[in-house]
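Colleague: Quick one: this structure, given as structure tokens, is what I'll be asking you about.
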Amino acid sequence: MTTKITIASLVLIALWLASSWYPIKYLSDMRLGSTQLVFFAFIVATLVTVPWLFLQVRQWISQSKALILIAIGGGVANTLLHLAVLNGEVLRVLPAFSTVLMTLLLLSQIFFSVEPKLSRSLTLTSLVLIAGIGMRSLSGFSGIQSNEILAGLAGAGFYLALTVSTKSGKQLPLISKVSAIMVCSTWFVGMMIIFSSHISSFPEQYAITLSGVYGLMYLLPSIFMICWLALNYEIRHLIFCFSLLLAFHLAELILLNQLGVSQTGGSIVALLLLLGLWQLRSPAKQIASR
């Protein structure tokens with residue numbers, strides 16, 4: 001894979017993930033409760049992928065513990081992040097998710113990396129400060145919302161799935177990982193619905209159908225992209241991708257008039273882009289995927 005293709009693919013992934021919140025937010029206005037909405041989306045994605053989980057059983061059975069951990073971590077991240085986006089302020093949710101994830105990556109880099117890199121640690125520290133303080137300042141420094149806590153827990157779940165996936169390498173088939181995450185996500189939401197006293201009724205026409213379409217057209221490709229990113233790229237590429245993701249996310253909110261144009265917002269976007277580009281300063285042969 002050439003350097004240009006590598007960079008282009010990471011930019012496209014960041015752009016896709018940064019805008020994937022918009023369809024699910026649109027569906028939330030169709031009088032379909034958040035847990036029911038994500039359940040129908042998850043069940044469609046699960047039904048499409050679960051046959052492969054059985055077809056590839058011989059390929060992952062020896063790594064079943066790793067697959068279970070990926071399913072739990074990815075399921076927690078997927079479920080809680082969706083619920084946080086649906087019920088909370090988008091400007092607070094993604095920064096909270098990214099702050100926890102980048103903090104855990106930073107701690108891992110400092111304490112567990114074989115060859116700790118000062119520049120990478122400084123980049124992660126900068127991302128934590130920008131996401132945790134800079135982007136948070138744009139929505140005000142009022143008390144922490146419950147949905148921000150959910151997003152933070154989602155970040156921890158994503159870190160668990162990412163770490164296990166990286167260590168297991170290509171021993172686990174990509175589609176089996178995706179399927180396992182979706183099965184676990186559907187189970188989590190199903191349990192929430194069963195034990196929840198709040199049931200939404202009388203949704204708008206086609207709301208359930210559209211939530212299924214979201215699961216197939218937006219959610220499933222997003223999970224594939226994330227799992228593929230964890231499988232094929234190094235930590236620097238993940239940092240590059242998340243820097244762009246936060247920058248694109250903030251720029252989209254400004255363009256959609258959900259956030260006023262300000263010098264602070266523009267400065268944060270510029271800083272995020274610079275931090276991302278900083279990860280590509282190495283020679284071309286070191287930027288290509290491993």
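Letters A, B, ... go to the chains of the structure tokens in the order shown; residues in each chain start at 1; ligands are counted from 1 in the same order.
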Write out as a PyMOL selection string the set of residues from stretch 9-237 of chain A that DSSP, computed on the backbone, places in alpha helix (DSSP H).
Modeller: chain A and resi 9-19+21-27+34-55+57-60+64-87+90-111+118-129+135-137+146-168+174-195+207-214+220-232+235-237
Colleague: Please provide the set of residues having any atom within 9 Å of A:Asn147, restricted to only C-alpha atoms, with same-chain residues fewer than 2 positions apart removed, written as a list in words.
Modeller: Leu80, Leu81, Leu83, Ala84, Val85, Asn87, Gly88, Glu89, Arg92, Val93, Ile144, Gln145, Ile149, Leu150, Ala151 and Gly152 of chain A
Colleague: Generate a file of the selected residues that holds N, CA and C atoms, formatted as a compact mmCIF listing (two decimals), in the first residue's frame.
Modeller:
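Printed below is out_8.txt as written:
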```txt
# COMPACT_ATOMS: atom_id res chain seq x y z
N LEU A 80 -23.05 2.32 24.04
CA LEU A 80 -23.05 3.53 24.86
C LEU A 80 -22.82 4.79 24.03
N LEU A 81 -21.99 4.71 23.00
CA LEU A 81 -21.75 5.89 22.17
C LEU A 81 -23.01 6.28 21.40
N LEU A 83 -26.16 5.67 22.33
CA LEU A 83 -27.11 6.22 23.29
C LEU A 83 -26.71 7.63 23.73
N ALA A 84 -25.39 7.85 23.87
CA ALA A 84 -24.91 9.17 24.26
C ALA A 84 -25.18 10.20 23.16
N VAL A 85 -24.95 9.82 21.91
CA VAL A 85 -25.21 10.72 20.78
C VAL A 85 -26.70 11.04 20.68
N ASN A 87 -29.05 10.96 23.02
CA ASN A 87 -29.65 11.65 24.16
C ASN A 87 -28.88 12.86 24.65
N GLY A 88 -27.67 13.06 24.14
CA GLY A 88 -26.85 14.15 24.64
C GLY A 88 -26.48 15.17 23.58
N GLU A 89 -25.66 16.13 23.96
CA GLU A 89 -25.17 17.14 23.04
C GLU A 89 -24.00 16.57 22.26
N ARG A 92 -20.48 17.59 23.06
CA ARG A 92 -19.88 17.08 24.30
C ARG A 92 -19.54 15.59 24.21
N VAL A 93 -20.31 14.86 23.43
CA VAL A 93 -20.19 13.40 23.43
C VAL A 93 -18.88 12.92 22.81
N ILE A 144 -20.85 18.02 34.35
CA ILE A 144 -20.73 16.88 33.44
C ILE A 144 -22.07 16.17 33.34
N GLN A 145 -22.53 15.92 32.12
CA GLN A 145 -23.79 15.25 31.88
C GLN A 145 -23.61 13.74 31.90
N ILE A 149 -20.57 10.78 30.51
CA ILE A 149 -20.03 9.62 31.23
C ILE A 149 -20.18 8.37 30.37
N LEU A 150 -21.36 8.23 29.72
CA LEU A 150 -21.57 7.09 28.82
C LEU A 150 -20.54 7.10 27.69
N ALA A 151 -20.29 8.29 27.13
CA ALA A 151 -19.32 8.40 26.05
C ALA A 151 -17.91 8.04 26.53
N GLY A 152 -17.58 8.46 27.78
CA GLY A 152 -16.29 8.10 28.34
C GLY A 152 -16.13 6.60 28.52
```
Colleague: Quick one: of A:Val269, A:Leu238, A:Leu86, A:Leu10, who's nearest to A:Thr166, counting only C-alpha atoms?
Modeller: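 Checking each candidate against A:Thr166, we get A:Leu238 as the closest.
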Colleague: Which one of A:Ser98, A:Thr125, A:Ser179, A:Ser211 sits closest to A:Ile110 if you count only C-alpha atoms?
Modeller: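 Comparing A:Ser98, A:Thr125, A:Ser179, A:Ser211 against A:Ile110, the winner is A:Thr125.
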Colleague: Quote the spacing between atom CA of A:Gly155 and atom CA of A:Val11 in Å to one decimal place.
Modeller: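 Those two atoms sit 20.7 Å apart.
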Colleague: Got a sec: who's within 12 Å of A:Tyr22, counting only C-alpha atoms, leaving out chain neighbours fewer than 6 positions off, as a ChimeraX atom specification?
Modeller: /A:16,28-29,82,85-86,90,214,218-219,249,252-253,256,258
Colleague: May I ask which of the residues A:Ser165, A:Gln279, A:Ser19, A:Ser108 is the closest one to A:Leu245, counting only C-alpha atoms?
Modeller: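 Counting only C-alpha atoms, the residue closest to A:Leu245 is A:Ser19.
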Colleague: I'd like to know which of A:Ser121, A:Ser142, A:Thr209, A:Asn78 is closest to A:Thr103, using only C-alpha atoms.
Modeller: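 Among A:Ser121, A:Ser142, A:Thr209, A:Asn78, it is A:Ser121 that comes nearest to A:Thr103.
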Colleague: Provide the atom CA of A:Leu244 to atom CA of A:Tyr159 distance in Å, to one decimal place.
Modeller: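 We find that atom CA of A:Leu244 and atom CA of A:Tyr159 lie 18.4 Å from each other.
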Colleague: Name the closest residue to A:Ala247 among the candidates A:Gln56, A:Ser222, A:Ser267, A:Ser196; distances are taken between atoms, counting only C-alpha atoms.
Modeller: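 Answer, going by the shortest atom-to-atom distance: A:Ser267.
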Colleague: Ranking A:Leu210, A:Leu106, A:Ala77, A:Ile254 by minimum distance to A:Leu153 and counting only C-alpha atoms, which one comes first?
Modeller: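 Answer, going by the shortest atom-to-atom distance: A:Ala77.
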Colleague: Please provide as a ChimeraX atom specification all residues within 8 Å of stretch 49-51 of chain A, with the sequence filter that same-chain residues fewer than 3 positions apart are discarded (counting only C-alpha atoms).
Modeller: /A:45-46,54-55,175-176,178-180,183
